[in-house]
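Comments concern the structure below.
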Amino acid sequence: MDSKHLIKVLKLLRQIYPSQIWKETNLHNLVAGTVFSPALKFLISECGADIKRMRVDLYVKGQIAIEVHGEQHYEAVRFSNEIRDPEEELIKRQKFDEVKFRALAEAGIPLVTICYSELNGQLTVDILRDRIRIMQEQANRIPKQKRLSVKIPAFRTRTESFDARQKRLEKARKLRKEAYRKGKAKRKLL
């Protein structure tokens, strides 16, 4: 998360939202409770994406998600000897980016993607502010997928014990099941 590109974007964001806390967030926490479309489910299984392990570079609660893409998102680049085929890695990364974009869109969270080449002086506070505003307006126009109206417990912290996490997850499952049953009953009445 501490790439030089991300630090530049953080400096710009602090000018736009001085009191907000921007941080890297797990994608699964952002889209929890969203019922994905069949097309997105197929894309996830096709590319082998694990939403539980995917992360969003920057997120401010209730506002917007921001991804800062380096050159590896646009070009076949070999960063280490672990990458055997840079072209294959590029295709895989672009599919993962598509999964992330669609999952956030279906959850109703606007995503702004910033290319590394924009950070050479082209991206200013005003331009970034306009892009954020445009993405928020577009997200408000797109109907959200059916989300269960259940308040999901707070994100897990590193200090939370395993037993406490299991209890919290079990409580969330029960709430979701109950909300699903109520929704199903309402649909039958209609």
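Residue numbers start at 1 in each chain; chains themselves are named A, B, ... in the order of the structure tokens; ligands are numbered from 1 in the order shown.
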
Backbone DSSP call of strand (DSSP E) for range 5-160 of chain A, listed as a VMD selection string: chain A and resid 23 to 26 55 to 60 64 to 69 111 to 115

As a VMD selection string, please: every residue in chain A that a backbone DSSP assignment puts in helix (DSSP H, G or I). chain A and resid 4 to 16 27 to 31 38 to 47 71 to 73 86 to 107 116 to 119 125 to 141 162 to 189

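When only C-alpha atoms are used to compute distances to Ser3 in chain A, the closest of the residues A:Gly70, A:Pro38, A:Gly62, A:Gly33 turns out to be A:Gly70.
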
Neighbour list for Arg55 in chain A as a PyMOL selection string, cut-off 8 Å, only C-alpha atoms, skip fewer than 5 positions in-chain: chain A and resi 24-27

Output of the above residues as a PDB file, in the first residue's frame, restricted to N, CA and C atoms:
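Below is the file that was written, result_34.pdb:
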```pdb
ATOM      1  N   GLU A  24      -6.615   1.174   3.331  1.00  0.00           N
ATOM      2  CA  GLU A  24      -6.766  -0.027   2.527  1.00  0.00           C
ATOM      3  C   GLU A  24      -7.814  -0.911   3.208  1.00  0.00           C
ATOM      4  N   THR A  25      -8.705  -1.487   2.409  1.00  0.00           N
ATOM      5  CA  THR A  25      -9.814  -2.254   2.964  1.00  0.00           C
ATOM      6  C   THR A  25     -10.006  -3.547   2.195  1.00  0.00           C
ATOM      7  N   ASN A  26     -10.445  -4.559   2.887  1.00  0.00           N
ATOM      8  CA  ASN A  26     -10.744  -5.846   2.276  1.00  0.00           C
ATOM      9  C   ASN A  26     -12.025  -5.722   1.460  1.00  0.00           C
ATOM     10  N   LEU A  27     -12.020  -6.185   0.226  1.00  0.00           N
ATOM     11  CA  LEU A  27     -13.167  -6.095  -0.663  1.00  0.00           C
ATOM     12  C   LEU A  27     -14.371  -6.858  -0.105  1.00  0.00           C
TER      13      LEU A  27
END
```

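With only C-alpha atoms as the atoms that count, the residue of A:Ile7, A:Leu30, A:Ile91, A:Ala103 with the shortest distance to Ile44 in chain A is A:Ala103.
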
Close residues, Arg129 in chain A itself excluded, 10 Å, only C-alpha atoms, min 2 positions apart in chain, as a compact mmCIF listing (two decimals) with N, CA and C atoms, in the first residue's frame:
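And here's result_14.txt as it stands now:
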```
# COMPACT_ATOMS: atom_id res chain seq x y z
N LEU A 12 -3.34 14.34 -2.38
CA LEU A 12 -4.43 15.05 -3.05
C LEU A 12 -5.75 14.85 -2.29
N LEU A 13 -5.99 13.64 -1.83
CA LEU A 13 -7.24 13.36 -1.12
C LEU A 13 -7.33 14.11 0.21
N GLN A 15 -6.41 17.02 0.71
CA GLN A 15 -6.84 18.38 0.41
C GLN A 15 -8.35 18.42 0.15
N ILE A 16 -8.90 17.34 -0.39
CA ILE A 16 -10.33 17.29 -0.67
C ILE A 16 -11.12 16.93 0.58
N TYR A 17 -10.68 15.92 1.29
CA TYR A 17 -11.35 15.43 2.50
C TYR A 17 -10.37 15.49 3.67
N THR A 124 -4.80 16.85 -10.74
CA THR A 124 -4.83 17.92 -9.75
C THR A 124 -5.98 17.67 -8.79
N VAL A 125 -6.04 18.46 -7.75
CA VAL A 125 -7.11 18.33 -6.76
C VAL A 125 -8.47 18.53 -7.42
N ASP A 126 -8.58 19.54 -8.28
CA ASP A 126 -9.85 19.82 -8.94
C ASP A 126 -10.29 18.67 -9.85
N ILE A 127 -9.37 18.12 -10.61
CA ILE A 127 -9.70 17.00 -11.50
C ILE A 127 -10.13 15.79 -10.68
N ARG A 131 -13.80 13.90 -10.69
CA ARG A 131 -13.95 12.47 -10.98
C ARG A 131 -14.69 11.75 -9.87
N ILE A 132 -14.40 12.12 -8.64
CA ILE A 132 -15.10 11.51 -7.50
C ILE A 132 -16.58 11.88 -7.55
N ARG A 133 -16.89 13.14 -7.83
CA ARG A 133 -18.28 13.58 -7.90
C ARG A 133 -19.03 12.86 -9.02
N ILE A 134 -18.40 12.74 -10.17
CA ILE A 134 -19.03 12.05 -11.32
C ILE A 134 -19.30 10.59 -10.99
```

Using only C-alpha atoms, which residues sit within 8 Å of Ala49 in chain A once same-chain residues fewer than 5 positions away are excluded, as a list of chain:residue names? A:Ile44, A:Met54, A:Phe96, A:Val99

Would you output that residue set with N, CA and C atoms, as a JSON list (two decimals), in the first residue's frame?
```
[["chain", "number", "residue", "atom", "x", "y", "z"],
["A", 44, "ILE", "N", -16.06, -14.53, -11.59],
["A", 44, "ILE", "CA", -15.27, -14.87, -10.40],
["A", 44, "ILE", "C", -14.76, -16.31, -10.50],
["A", 54, "MET", "N", -9.01, -10.16, -1.86],
["A", 54, "MET", "CA", -8.80, -8.95, -2.66],
["A", 54, "MET", "C", -8.94, -7.71, -1.78],
["A", 96, "PHE", "N", -9.06, -9.68, -12.61],
["A", 96, "PHE", "CA", -9.27, -9.38, -11.20],
["A", 96, "PHE", "C", -9.77, -7.95, -11.03],
["A", 99, "VAL", "N", -13.41, -7.92, -11.86],
["A", 99, "VAL", "CA", -14.20, -8.49, -10.77],
["A", 99, "VAL", "C", -14.38, -7.45, -9.68]]
```

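With only C-alpha atoms as the atoms that count, the minimum distance from Val77 in chain A to the choices A:Tyr59, A:Leu90, A:Ala65, A:Thr113 is reached by A:Leu90.
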
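The space between CA of Lys52 in chain A and CA of His73 in chain A spans 20.4 Å.
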
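Of the residues listed (A:Tyr180, A:Gly108, A:Arg187, A:Glu98), A:Glu98 shows the shortest atom-to-atom separation from Ala39 in chain A; distances use only C-alpha atoms.
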
Contact residues around Asn120 in chain A with only C-alpha atoms at 12 Å, ignoring same-chain residues under 2 positions, as a VMD selection string: chain A and resid 4 to 5 8 to 9 114 to 118 122 to 124

Tell me which of A:Ser37, A:Gln63, A:Gln166, A:Gln94 sits closest to Leu111 in chain A, counting only C-alpha atoms. A:Gln63

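When only C-alpha atoms are used to measure the gap to Lys100 in chain A, the shortest distance among A:Asp130, A:Asp57, A:Asp85, A:Glu75 belongs to A:Asp57.
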
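The coordinates place CA of Val68 in chain A at 16.0 Å from CA of Lys95 in chain A.
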